[in-house]
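**Q** I'd like to ask you about the structure that follows.
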Amino acid sequence: MFRVVAILLAALAPLSVLAQEEPASKTVIGPENVFLADGALAIQTGDYALGVDLTLKGLKLNPRAKQRVAALSNVCAGYIGLKLYHDAKSYCDAAIEINPNFWRAYNNRAVILLRTGNTPGAIEVLKRGLEIRPGSPTLTRALEIAEATQRTPRVLIEDH
Amino acid sequence: MLAAALFSLSLTVLSPDQPAALSADAIAPIASRVATPLYPRKAILKGIEGRVVTCFTVNLKGKAEAAVVMETSNKLFTRPALNALRASEFIPGSHRGENVATQLCRTFTFRLD
């Protein structure tokens with residue numbers, strides 16, 4: 001159970017279609033940092049508070065840079081799950097600062113923007129993510145959703 | 001928003017309790033309260049547009065009843081359309097000064113602009 005746990009995607013859980021797997025792109029956290037591995041698993045299964053707590057503990061063990069970025073992005077995802085968007089943003093930003101090419105952090109960052117009503121900002125971030133990872137199904141679908149929410153729904157009614 | 005619904009004036013009223021189209025000396029029902037359906041969130045997220053055509057009876061109390069869905073482009077839209085119809089109100093049609101139940105159809109067009 002502790003051996004290999006993939007870093008999860010952004011907490012786009014309510015928009016379940018966004019949680020598609022992209023196996024080839026997963027960053028793997030191995031048994032060398034059990035806190036990070038368990039934290040990722042907890043977030044993945046929806047126990048965001050536990051996941052954030054474990055991942056923060058894992059971060060205190062000074063993981064390697066690649067794991068650190070993934071873990072920061074996971075904390076971001078966990079806070080998104082907890083609807084603590086301000087906290088989430090700081091961790092996503094930290095992940096991007098260390099690795100500006102870590103597309104999952106862009107995905108998470110876009111979720112924060114969407115949830116806080118900044119759809120144009122989310123679209124911009126998702127496009128940036130797609131520049132980093134062209135063709136990503138997750139980012140592509142997220143972009144479609146973001147663009148859809150920008151359209152104004154109308155219902156025309158006609159009696160006859 | 002008021003939406004008046006004008007009928008073809010060629011048919012005959014059958015009885016005050018039976019729905020019918022209206023004859024020349026009849027007054028068509030008028031929508032006095034048009035409830036707008038909620039655009040389904042799932043449809044917004046998927047960028048789905050569509051329409052629902054429903055026909056129903058405007059009863060003597062001015063409520064829609066016995067609604068039948070004649071056409072729906074996507075099931076996502078059916079329930080919101082019927083809910084909106086249920087919440088709508090009409091001034092009943094009348095014939096020679098008496099309220100009559102009449103048939104009416106309503107098309108809901110769901111669009112994303």
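Chain labels follow the order of the structure tokens: the first chain is A, the next B, and so on; residue numbering restarts at 1 in every chain, and ligands are counted from 1 in their shown order.
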With only C-alpha atoms as the counted atoms, please give the residues lying no more than 10 Å from Arg111 (chain B), apart from itself and same-chain residues fewer than 3 positions off, as JSON, numbers by chain.
**A** {"A": [151, 152, 153, 154, 155, 156], "B": [39, 44, 47, 48, 49, 50, 51, 108]}
**Q** Find the spatial neighbours of Phe35 (chain A), counting only C-alpha atoms, within a cut-off of 8 Å - ignore same-chain residues fewer than 5 positions away - and output them as a PyMOL selection string.
**A** chain A and resi 54-55+57-58
**Q** Would you list which chain A residues are within 10 Å of chain B using only C-alpha atoms, as a PyMOL selection string?
**A** chain A and resi 15+141-142+144-160
**Q** At what distance in Å, to one decimal, does CA of Pro29 (chain B) lie from CA of Ile91 (chain B)?
**A**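 Value for the CA of Ile91 (chain B)-CA of Pro29 (chain B) distance: 5.4 Å.
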**Q** Could you work out how far CA of Ala84 (chain B) lies from CA of Thr116 (chain A), giving the answer in Å with one decimal?
**A**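 Distance reported for this atom pair: 29.4 Å.
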**Q** Would you please extract all strand (DSSP E) residues from chain A, as assigned by DSSP on the backbone, and give them as a list in words?
**A**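 After running DSSP on the backbone, chain A has strand (DSSP E) at Val5, Ala6, Val28, Ile29, Pro153, Arg154, Val155, Leu156, Ile157, Glu158 and Asp159 of chain A.
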**Q** Would you pick out the contacts of Ile98 (chain A) at 12 Å or less, using only C-alpha atoms, so that residues sharing its chain but fewer than 2 positions from it are not included, and give the list as a list in words?
**A**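 My list of contacting residues is Arg64, Ala65, Lys66, Gln67, Arg68, Val69, Ala70, Ala71, Leu72, Ser73, Tyr91, Cys92, Asp93, Ala94, Ala95, Ile96, Pro100, Asn101, Phe102 and Ala105 of chain A.
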**Q** Only all heavy atoms, please: the residues just picked out, written as a compact mmCIF listing (two decimals), in the first residue's frame.
**A**
# COMPACT_ATOMS: atom_id res chain seq x y z
N ARG A 64 13.37 15.10 -2.31
CA ARG A 64 14.07 15.57 -3.50
C ARG A 64 13.18 16.57 -4.24
O ARG A 64 11.96 16.57 -4.09
CB ARG A 64 14.38 14.37 -4.41
CG ARG A 64 15.45 13.45 -3.86
CD ARG A 64 15.72 12.29 -4.80
NE ARG A 64 14.60 11.34 -4.82
CZ ARG A 64 13.81 11.15 -5.88
NH1 ARG A 64 14.00 11.87 -6.98
NH2 ARG A 64 12.83 10.29 -5.84
N ALA A 65 13.84 17.38 -5.08
CA ALA A 65 13.13 18.49 -5.73
C ALA A 65 11.89 18.02 -6.49
O ALA A 65 10.82 18.63 -6.41
CB ALA A 65 14.08 19.22 -6.67
N LYS A 66 12.03 16.94 -7.23
CA LYS A 66 10.91 16.46 -8.05
C LYS A 66 9.72 16.07 -7.16
O LYS A 66 8.56 16.40 -7.46
CB LYS A 66 11.36 15.26 -8.87
CG LYS A 66 10.39 14.86 -9.95
CD LYS A 66 10.94 13.72 -10.78
CE LYS A 66 9.89 13.24 -11.78
NZ LYS A 66 10.35 12.08 -12.53
N GLN A 67 10.02 15.37 -6.07
CA GLN A 67 8.96 14.99 -5.14
C GLN A 67 8.40 16.20 -4.42
O GLN A 67 7.20 16.27 -4.13
CB GLN A 67 9.50 13.99 -4.12
CG GLN A 67 9.76 12.61 -4.70
CD GLN A 67 9.90 11.56 -3.63
OE1 GLN A 67 10.11 11.88 -2.47
NE2 GLN A 67 9.81 10.31 -4.03
N ARG A 68 9.26 17.13 -4.14
CA ARG A 68 8.82 18.34 -3.43
C ARG A 68 7.78 19.09 -4.26
O ARG A 68 6.74 19.52 -3.74
CB ARG A 68 10.05 19.23 -3.15
CG ARG A 68 9.72 20.47 -2.37
CD ARG A 68 10.98 21.19 -1.89
NE ARG A 68 10.61 22.20 -0.92
CZ ARG A 68 10.36 21.93 0.37
NH1 ARG A 68 10.44 20.70 0.82
NH2 ARG A 68 10.00 22.89 1.19
N VAL A 69 8.08 19.25 -5.54
CA VAL A 69 7.14 19.95 -6.42
C VAL A 69 5.80 19.21 -6.46
O VAL A 69 4.73 19.82 -6.33
CB VAL A 69 7.73 20.07 -7.85
CG1 VAL A 69 6.69 20.63 -8.82
CG2 VAL A 69 8.96 20.96 -7.83
N ALA A 70 5.88 17.91 -6.64
CA ALA A 70 4.64 17.11 -6.70
C ALA A 70 3.87 17.22 -5.39
O ALA A 70 2.64 17.35 -5.38
CB ALA A 70 4.99 15.65 -6.99
N ALA A 71 4.61 17.19 -4.29
CA ALA A 71 3.95 17.26 -2.98
C ALA A 71 3.30 18.63 -2.77
O ALA A 71 2.19 18.72 -2.24
CB ALA A 71 4.97 16.97 -1.88
N LEU A 72 3.99 19.67 -3.17
CA LEU A 72 3.40 21.02 -3.04
C LEU A 72 2.11 21.11 -3.86
O LEU A 72 1.11 21.68 -3.41
CB LEU A 72 4.41 22.08 -3.51
CG LEU A 72 5.61 22.32 -2.58
CD1 LEU A 72 6.69 23.16 -3.29
CD2 LEU A 72 5.18 23.02 -1.29
N SER A 73 2.16 20.55 -5.04
CA SER A 73 0.97 20.56 -5.89
C SER A 73 -0.15 19.73 -5.25
O SER A 73 -1.33 20.07 -5.34
CB SER A 73 1.32 20.00 -7.27
OG SER A 73 0.18 20.02 -8.10
N TYR A 91 0.45 27.12 -2.30
CA TYR A 91 1.20 25.88 -2.56
C TYR A 91 1.34 25.61 -4.06
O TYR A 91 2.38 25.14 -4.52
CB TYR A 91 0.54 24.70 -1.84
CG TYR A 91 0.87 24.72 -0.37
CD1 TYR A 91 0.07 25.37 0.55
CD2 TYR A 91 2.04 24.12 0.10
CE1 TYR A 91 0.39 25.43 1.89
CE2 TYR A 91 2.38 24.16 1.45
CZ TYR A 91 1.56 24.83 2.34
OH TYR A 91 1.90 24.88 3.67
N CYS A 92 0.32 25.93 -4.81
CA CYS A 92 0.44 25.78 -6.28
C CYS A 92 1.52 26.72 -6.79
O CYS A 92 2.35 26.35 -7.63
CB CYS A 92 -0.89 26.10 -6.95
SG CYS A 92 -1.92 24.65 -7.19
N ASP A 93 1.47 27.96 -6.31
CA ASP A 93 2.47 28.94 -6.75
C ASP A 93 3.88 28.48 -6.39
O ASP A 93 4.81 28.64 -7.19
CB ASP A 93 2.19 30.31 -6.13
CG ASP A 93 0.94 30.97 -6.72
OD1 ASP A 93 0.45 30.47 -7.76
OD2 ASP A 93 0.46 31.97 -6.14
N ALA A 94 4.00 27.90 -5.19
CA ALA A 94 5.32 27.42 -4.76
C ALA A 94 5.81 26.30 -5.67
O ALA A 94 6.99 26.24 -6.03
CB ALA A 94 5.25 26.94 -3.31
N ALA A 95 4.89 25.41 -6.06
CA ALA A 95 5.27 24.31 -6.95
C ALA A 95 5.72 24.85 -8.30
O ALA A 95 6.74 24.43 -8.85
CB ALA A 95 4.08 23.36 -7.13
N ILE A 96 4.97 25.82 -8.82
CA ILE A 96 5.29 26.39 -10.13
C ILE A 96 6.60 27.17 -10.07
O ILE A 96 7.38 27.17 -11.03
CB ILE A 96 4.12 27.28 -10.62
CG1 ILE A 96 2.91 26.39 -10.96
CG2 ILE A 96 4.53 28.11 -11.83
CD1 ILE A 96 1.63 27.15 -11.21
N PRO A 100 8.54 25.46 -13.19
CA PRO A 100 7.53 26.14 -14.02
C PRO A 100 6.94 25.22 -15.09
O PRO A 100 6.00 25.62 -15.77
CB PRO A 100 8.32 27.27 -14.69
CG PRO A 100 9.56 27.42 -13.89
CD PRO A 100 9.87 26.07 -13.33
N ASN A 101 7.46 24.02 -15.22
CA ASN A 101 6.92 23.09 -16.22
C ASN A 101 6.08 21.98 -15.61
O ASN A 101 5.76 21.01 -16.28
CB ASN A 101 8.07 22.48 -17.04
CG ASN A 101 8.73 23.52 -17.90
OD1 ASN A 101 8.07 24.41 -18.44
ND2 ASN A 101 10.04 23.46 -18.02
N PHE A 102 5.74 22.11 -14.35
CA PHE A 102 4.93 21.06 -13.71
C PHE A 102 3.45 21.33 -14.00
O PHE A 102 2.78 22.10 -13.32
CB PHE A 102 5.21 21.04 -12.20
CG PHE A 102 4.65 19.83 -11.52
CD1 PHE A 102 5.23 18.57 -11.70
CD2 PHE A 102 3.53 19.92 -10.70
CE1 PHE A 102 4.71 17.44 -11.08
CE2 PHE A 102 3.01 18.79 -10.08
CZ PHE A 102 3.60 17.56 -10.27
N ALA A 105 0.37 21.42 -11.51
CA ALA A 105 0.18 22.61 -10.67
C ALA A 105 -0.61 23.67 -11.43
O ALA A 105 -1.42 24.39 -10.84
CB ALA A 105 1.53 23.15 -10.22
**Q** I'd like the contact shell of Val125 (chain A) - 9 Å cut-off, only C-alpha atoms, skipping same-chain residues fewer than 6 positions apart - returned as a list in words.
**A** Tyr106, Asn107, Arg109, Ala110 and Leu113 of chain A
**Q** Just the helix (DSSP H, G or I) stuff from chain A, please, per backbone DSSP, written as a ChimeraX atom specification.
**A** /A:16-19,23-25,34-44,48-59,65-81,85-98,103-115,119-132,137-149
**Q** So what do you get for CA of Asp53 (chain A) versus CA of Leu114 (chain A), distance-wise?
**A**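 Straight-line distance from CA of Asp53 (chain A) to CA of Leu114 (chain A) works out to 24.7 Å.
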**Q** My list of candidates is A:His86, A:Arg115, A:Arg104, A:Lys60. Which is closest to Gly129 (chain A) when distances are computed with only C-alpha atoms?
**A**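 Using only C-alpha atoms, Gly129 (chain A) sits closest to A:Arg104.
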